[in-house]
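A.B. asks: Contents of structure.cif (mmCIF, C-alpha atoms):
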data_work
loop_
_atom_site.group_PDB
_atom_site.id
_atom_site.type_symbol
_atom_site.label_atom_id
_atom_site.label_comp_id
_atom_site.auth_asym_id
_atom_site.auth_seq_id
_atom_site.Cartn_x
_atom_site.Cartn_y
_atom_site.Cartn_z
ATOM 1 C CA MET A 232 192.269 185.070 -52.085
ATOM 2 C CA ALA A 233 193.929 181.667 -51.565
ATOM 3 C CA GLN A 234 192.238 180.336 -54.699
ATOM 4 C CA ASN A 235 193.719 183.219 -56.758
ATOM 5 C CA VAL A 236 197.197 182.574 -55.353
ATOM 6 C CA ASN A 237 196.838 178.841 -55.991
ATOM 7 C CA ARG A 238 195.572 179.434 -59.539
ATOM 8 C CA TYR A 239 198.549 181.773 -60.125
ATOM 9 C CA ARG A 240 200.974 179.095 -58.909
ATOM 10 C CA ILE A 241 199.376 176.405 -61.065
ATOM 11 C CA ASN A 242 199.533 178.690 -64.121
ATOM 12 C CA LYS A 243 203.176 179.474 -63.339
ATOM 13 C CA LEU A 244 204.007 175.751 -63.047
ATOM 14 C CA GLN A 245 202.298 175.091 -66.359
ATOM 15 C CA GLN A 246 204.278 177.901 -68.014
ATOM 16 C CA VAL A 247 207.564 176.571 -66.637
ATOM 17 C CA HIS A 248 206.662 173.065 -67.795
ATOM 18 C CA ALA A 249 205.794 174.276 -71.282
ATOM 19 C CA THR A 250 209.043 176.211 -71.682
ATOM 20 C CA ARG A 251 211.561 174.026 -69.819
ATOM 21 C CA VAL A 252 210.568 170.390 -70.099
ATOM 22 C CA ARG A 253 211.170 168.976 -73.536
ATOM 23 C CA PRO A 254 211.570 165.307 -74.454
ATOM 24 C CA GLY A 255 215.156 164.230 -74.941
ATOM 25 C CA ILE A 256 216.943 167.271 -73.506
ATOM 26 C CA GLY A 257 219.496 166.115 -70.973
ATOM 27 C CA ASN A 258 218.632 162.486 -71.660
ATOM 28 C CA PRO A 259 221.887 160.461 -71.804
ATOM 29 C CA LEU A 260 220.201 157.578 -73.633
ATOM 30 C CA PRO A 261 219.861 157.597 -77.408
ATOM 31 C CA LEU A 262 216.504 158.922 -78.522
ATOM 32 C CA ARG A 263 214.099 156.370 -79.920
ATOM 33 C CA PRO A 264 211.891 157.354 -82.818
ATOM 34 C CA TYR A 265 208.369 158.323 -81.894
ATOM 35 C CA THR A 266 205.718 155.793 -82.752
ATOM 36 C CA PRO A 267 201.961 156.436 -82.699
ATOM 37 C CA ASP A 268 201.775 154.642 -79.328
ATOM 38 C CA SER A 269 204.616 156.653 -77.805
ATOM 39 C CA ILE A 270 203.165 159.922 -79.120
ATOM 40 C CA ASN A 271 199.764 159.067 -77.632
ATOM 41 C CA SER A 272 201.382 158.095 -74.334
ATOM 42 C CA HIS A 273 203.381 161.343 -74.250
ATOM 43 C CA GLU A 274 200.274 163.355 -75.104
ATOM 44 C CA ARG A 275 198.291 161.667 -72.311
ATOM 45 C CA SER A 276 201.105 162.402 -69.857
ATOM 46 C CA ARG A 277 201.368 166.016 -70.994
ATOM 47 C CA THR A 278 197.641 166.677 -70.834
ATOM 48 C CA ALA A 279 197.440 165.139 -67.345
ATOM 49 C CA ILE A 280 199.780 167.779 -65.896
ATOM 50 C CA PRO A 281 197.053 170.277 -64.877
ATOM 51 C CA GLU A 282 195.171 167.590 -62.940
ATOM 52 C CA GLN A 283 198.411 166.411 -61.325
ATOM 53 C CA LEU A 284 199.204 169.975 -60.258
ATOM 54 C CA GLU A 285 195.711 170.394 -58.795
ATOM 55 C CA GLU A 286 196.124 167.134 -56.853
ATOM 56 C CA ALA A 287 199.579 168.166 -55.596
ATOM 57 C CA LEU A 288 198.143 171.468 -54.399
ATOM 58 C CA ARG A 289 195.324 169.670 -52.535
ATOM 59 C CA ILE A 290 197.820 167.315 -50.898
ATOM 60 C CA GLY A 291 199.991 170.265 -49.837
ATOM 61 C CA GLU A 292 197.051 172.179 -48.405
ATOM 62 C CA GLN A 293 195.991 169.138 -46.343
ATOM 63 C CA ALA A 294 199.487 168.413 -45.012
ATOM 64 C CA SER A 295 200.089 168.931 -41.323
ATOM 65 C CA ILE A 296 203.543 170.477 -40.970
ATOM 66 C CA SER A 297 204.903 171.659 -37.622
ATOM 67 C CA ARG A 298 207.078 174.721 -37.219
ATOM 68 C CA PRO A 299 210.839 174.056 -37.336
ATOM 69 C CA ILE A 300 212.777 173.803 -34.071
ATOM 70 C CA ARG A 301 215.642 175.864 -35.524
ATOM 71 C CA PRO A 302 215.495 178.693 -38.042
ATOM 72 C CA ILE A 303 215.884 177.556 -41.662
ATOM 73 C CA ARG A 304 218.968 179.165 -43.225
ATOM 74 C CA ASN A 305 218.885 177.356 -46.586
ATOM 75 C CA VAL A 306 216.922 174.769 -48.547
ATOM 76 C CA ILE A 307 218.221 171.816 -50.531
ATOM 77 C CA ILE A 308 215.900 170.005 -52.926
ATOM 78 C CA THR A 309 217.519 166.735 -53.934
ATOM 79 C CA GLY A 310 216.619 164.027 -56.422
ATOM 80 C CA LEU A 311 218.402 161.948 -59.022
ATOM 81 C CA GLY A 312 217.493 161.821 -62.704
ATOM 82 C CA GLY A 313 213.884 162.640 -63.450
ATOM 83 C CA SER A 314 213.178 162.985 -59.728
ATOM 84 C CA GLY A 315 215.361 166.099 -59.685
ATOM 85 C CA ILE A 316 213.341 167.936 -62.323
ATOM 86 C CA GLY A 317 210.691 168.952 -59.790
ATOM 87 C CA GLY A 318 213.348 170.644 -57.648
ATOM 88 C CA THR A 319 214.543 172.653 -60.615
ATOM 89 C CA ILE A 320 211.003 173.753 -61.452
ATOM 90 C CA VAL A 321 210.179 174.672 -57.843
ATOM 91 C CA SER A 322 213.440 176.601 -57.386
ATOM 92 C CA GLU A 323 212.694 178.650 -60.518
ATOM 93 C CA ILE A 324 209.175 179.463 -59.348
ATOM 94 C CA ILE A 325 210.101 180.543 -55.811
ATOM 95 C CA ALA A 326 213.398 182.279 -56.678
ATOM 96 C CA ASN A 327 211.967 185.785 -56.205
ATOM 97 C CA GLU A 328 209.895 184.918 -53.110
ATOM 98 C CA CYS A 329 212.039 182.667 -50.927
ATOM 99 C CA PRO A 330 213.998 184.565 -48.248
ATOM 100 C CA VAL A 331 216.715 181.881 -48.012
ATOM 101 C CA PRO A 332 218.913 180.274 -50.689
ATOM 102 C CA VAL A 333 217.488 177.229 -52.478
ATOM 103 C CA THR A 334 219.931 174.710 -53.923
ATOM 104 C CA VAL A 335 218.931 171.915 -56.275
ATOM 105 C CA ASN A 336 221.111 168.860 -55.736
ATOM 106 C CA LYS A 337 221.209 166.028 -58.282
ATOM 107 C CA ASP A 338 223.935 163.954 -56.697
ATOM 108 C CA TYR A 339 224.137 160.907 -54.432
ATOM 109 C CA PHE A 340 225.541 163.048 -51.605
ATOM 110 C CA LEU A 341 224.333 166.254 -49.993
ATOM 111 C CA PRO A 342 226.591 169.337 -50.235
ATOM 112 C CA ALA A 343 229.095 169.933 -47.424
ATOM 113 C CA PHE A 344 227.223 173.047 -46.223
ATOM 114 C CA THR A 345 224.176 170.946 -45.254
ATOM 115 C CA GLY A 346 223.598 171.354 -41.521
ATOM 116 C CA PRO A 347 221.008 171.444 -38.751
ATOM 117 C CA GLU A 348 219.505 174.668 -40.129
ATOM 118 C CA THR A 349 219.070 173.237 -43.645
ATOM 119 C CA LEU A 350 215.646 172.123 -44.832
ATOM 120 C CA VAL A 351 216.268 169.089 -47.044
ATOM 121 C CA ILE A 352 213.492 168.029 -49.415
ATOM 122 C CA VAL A 353 214.063 164.637 -51.044
ATOM 123 C CA SER A 354 212.216 163.761 -54.229
ATOM 124 C CA SER A 355 212.044 160.185 -55.499
ATOM 125 C CA TYR A 356 209.730 158.751 -58.109
ATOM 126 C CA SER A 357 210.867 155.165 -57.596
ATOM 127 C CA GLY A 358 210.955 155.226 -53.813
#
Could the structure of this file be written out as structure tokens, please?

C.D. replies:
Amino acid sequence: MAQNVNRYRINKLQQVHATRVRPGIGNPLPLRPYTPDSINSHERSRTAIPEQLEEALRIGEQASISRPIRPIRNVIITGLGGSGIGGTIVSEIIANECPVPVTVNKDYFLPAFTGPETLVIVSSYSG
């Protein structure tokens, strides 16, 4: 059963990626023309997504997470630039399942409503 649920989630992530993530959209820098090297690099990155999703799922399944001390009333997923894209994708996928509000924050500061009953997930590619 867990394998079917996991496969469903991976397929859903792949669908969201295919429909939402496009090169250049939201990019404040001028677009550079594609060269054969950049196209090959982009293609390698794109085709690696299924393996990256499988690895992320394995990491999540192996994580040891304790129960929260307080009830969780809301979730904030925060990350700047490209690091915030994952929060957007996750929030779209869990929108119909999550019993509490999920906010994606792409700012240097957390929203004022952040409190002790907020689960904050920070995403950073660069550290």

A.B. asks: Run the PyMOL selection byres ((chain A and resi 311-326) around 7) on the file and write out the hits as a list in words.

C.D. replies: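 On this input, the PyMOL selection byres ((chain A and resi 311-326) around 7) captures Val247, Ile308, Thr309, Gly310, Asn327, Glu328, Cys329, Val333, Val335, Lys337, Asp338, Ser354, Ser355 and Tyr356 of chain A.
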
A.B. asks: Please write the residues from the selection above to a file, keeping C-alpha atoms, as an mmCIF file, in the frame of the given file.

C.D. replies:
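As a result, result-v4.cif now contains:
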data_model
loop_
_atom_site.group_PDB
_atom_site.id
_atom_site.type_symbol
_atom_site.label_atom_id
_atom_site.label_comp_id
_atom_site.auth_asym_id
_atom_site.auth_seq_id
_atom_site.Cartn_x
_atom_site.Cartn_y
_atom_site.Cartn_z
ATOM 1 C CA VAL A 247 207.564 176.571 -66.637
ATOM 2 C CA ILE A 308 215.900 170.005 -52.926
ATOM 3 C CA THR A 309 217.519 166.735 -53.934
ATOM 4 C CA GLY A 310 216.619 164.027 -56.422
ATOM 5 C CA ASN A 327 211.967 185.785 -56.205
ATOM 6 C CA GLU A 328 209.895 184.918 -53.110
ATOM 7 C CA CYS A 329 212.039 182.667 -50.927
ATOM 8 C CA VAL A 333 217.488 177.229 -52.478
ATOM 9 C CA VAL A 335 218.931 171.915 -56.275
ATOM 10 C CA LYS A 337 221.209 166.028 -58.282
ATOM 11 C CA ASP A 338 223.935 163.954 -56.697
ATOM 12 C CA SER A 354 212.216 163.761 -54.229
ATOM 13 C CA SER A 355 212.044 160.185 -55.499
ATOM 14 C CA TYR A 356 209.730 158.751 -58.109
#

A.B. asks: Nearest to Pro302 (chain A): which of A:Ile290, A:Leu284, A:Val331, A:Ala279 is it, counting only C-alpha atoms?

C.D. replies: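 Closest residue, counting only C-alpha atoms: A:Val331.
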
A.B. asks: Expressed in Å to a single decimal, how great is the separation between CA of Arg298 (chain A) and CA of Tyr339 (chain A)?

C.D. replies: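 These atoms are spaced 27.9 Å apart.
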
A.B. asks: So, with only C-alpha atoms as the atoms that count, which of A:Pro281, A:Pro347, A:Pro342, A:Pro330 lies closest to Pro299 (chain A)?

C.D. replies: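 Using only C-alpha atoms, the shortest distance to Pro299 (chain A) belongs to A:Pro347.
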
A.B. asks: Kindly indicate which residue among A:Gln293, A:Arg304, A:Phe344, A:Leu350 lies nearest to Pro332 (chain A), using all atoms listed in the file for the distances.

C.D. replies: A:Arg304

A.B. asks: Nearest to Ile300 (chain A) among A:Ser272, A:Gln283, A:Ser357, A:Thr349, with distances taken over all atoms listed in the file: which residue is it?

C.D. replies: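 Checking each candidate against Ile300 (chain A), we get A:Thr349 as the closest.
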
A.B. asks: Would you mind reading off the distance between CA of Ile352 (chain A) and CA of Glu282 (chain A), one decimal, in Å?

C.D. replies: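 Between CA of Ile352 (chain A) and CA of Glu282 (chain A) the gap is 22.8 Å.
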
A.B. asks: Counting all atoms listed in the file, figure out which residue out of A:Glu274, A:Thr334, A:Val306, A:Leu288 gets nearest to Gly346 (chain A).

C.D. replies: A:Val306

A.B. asks: Please, what distance in Å, to one decimal, runs between CA of Thr345 (chain A) and CA of Ile307 (chain A)?

C.D. replies: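 We find that CA of Thr345 (chain A) and CA of Ile307 (chain A) lie 8.0 Å from each other.
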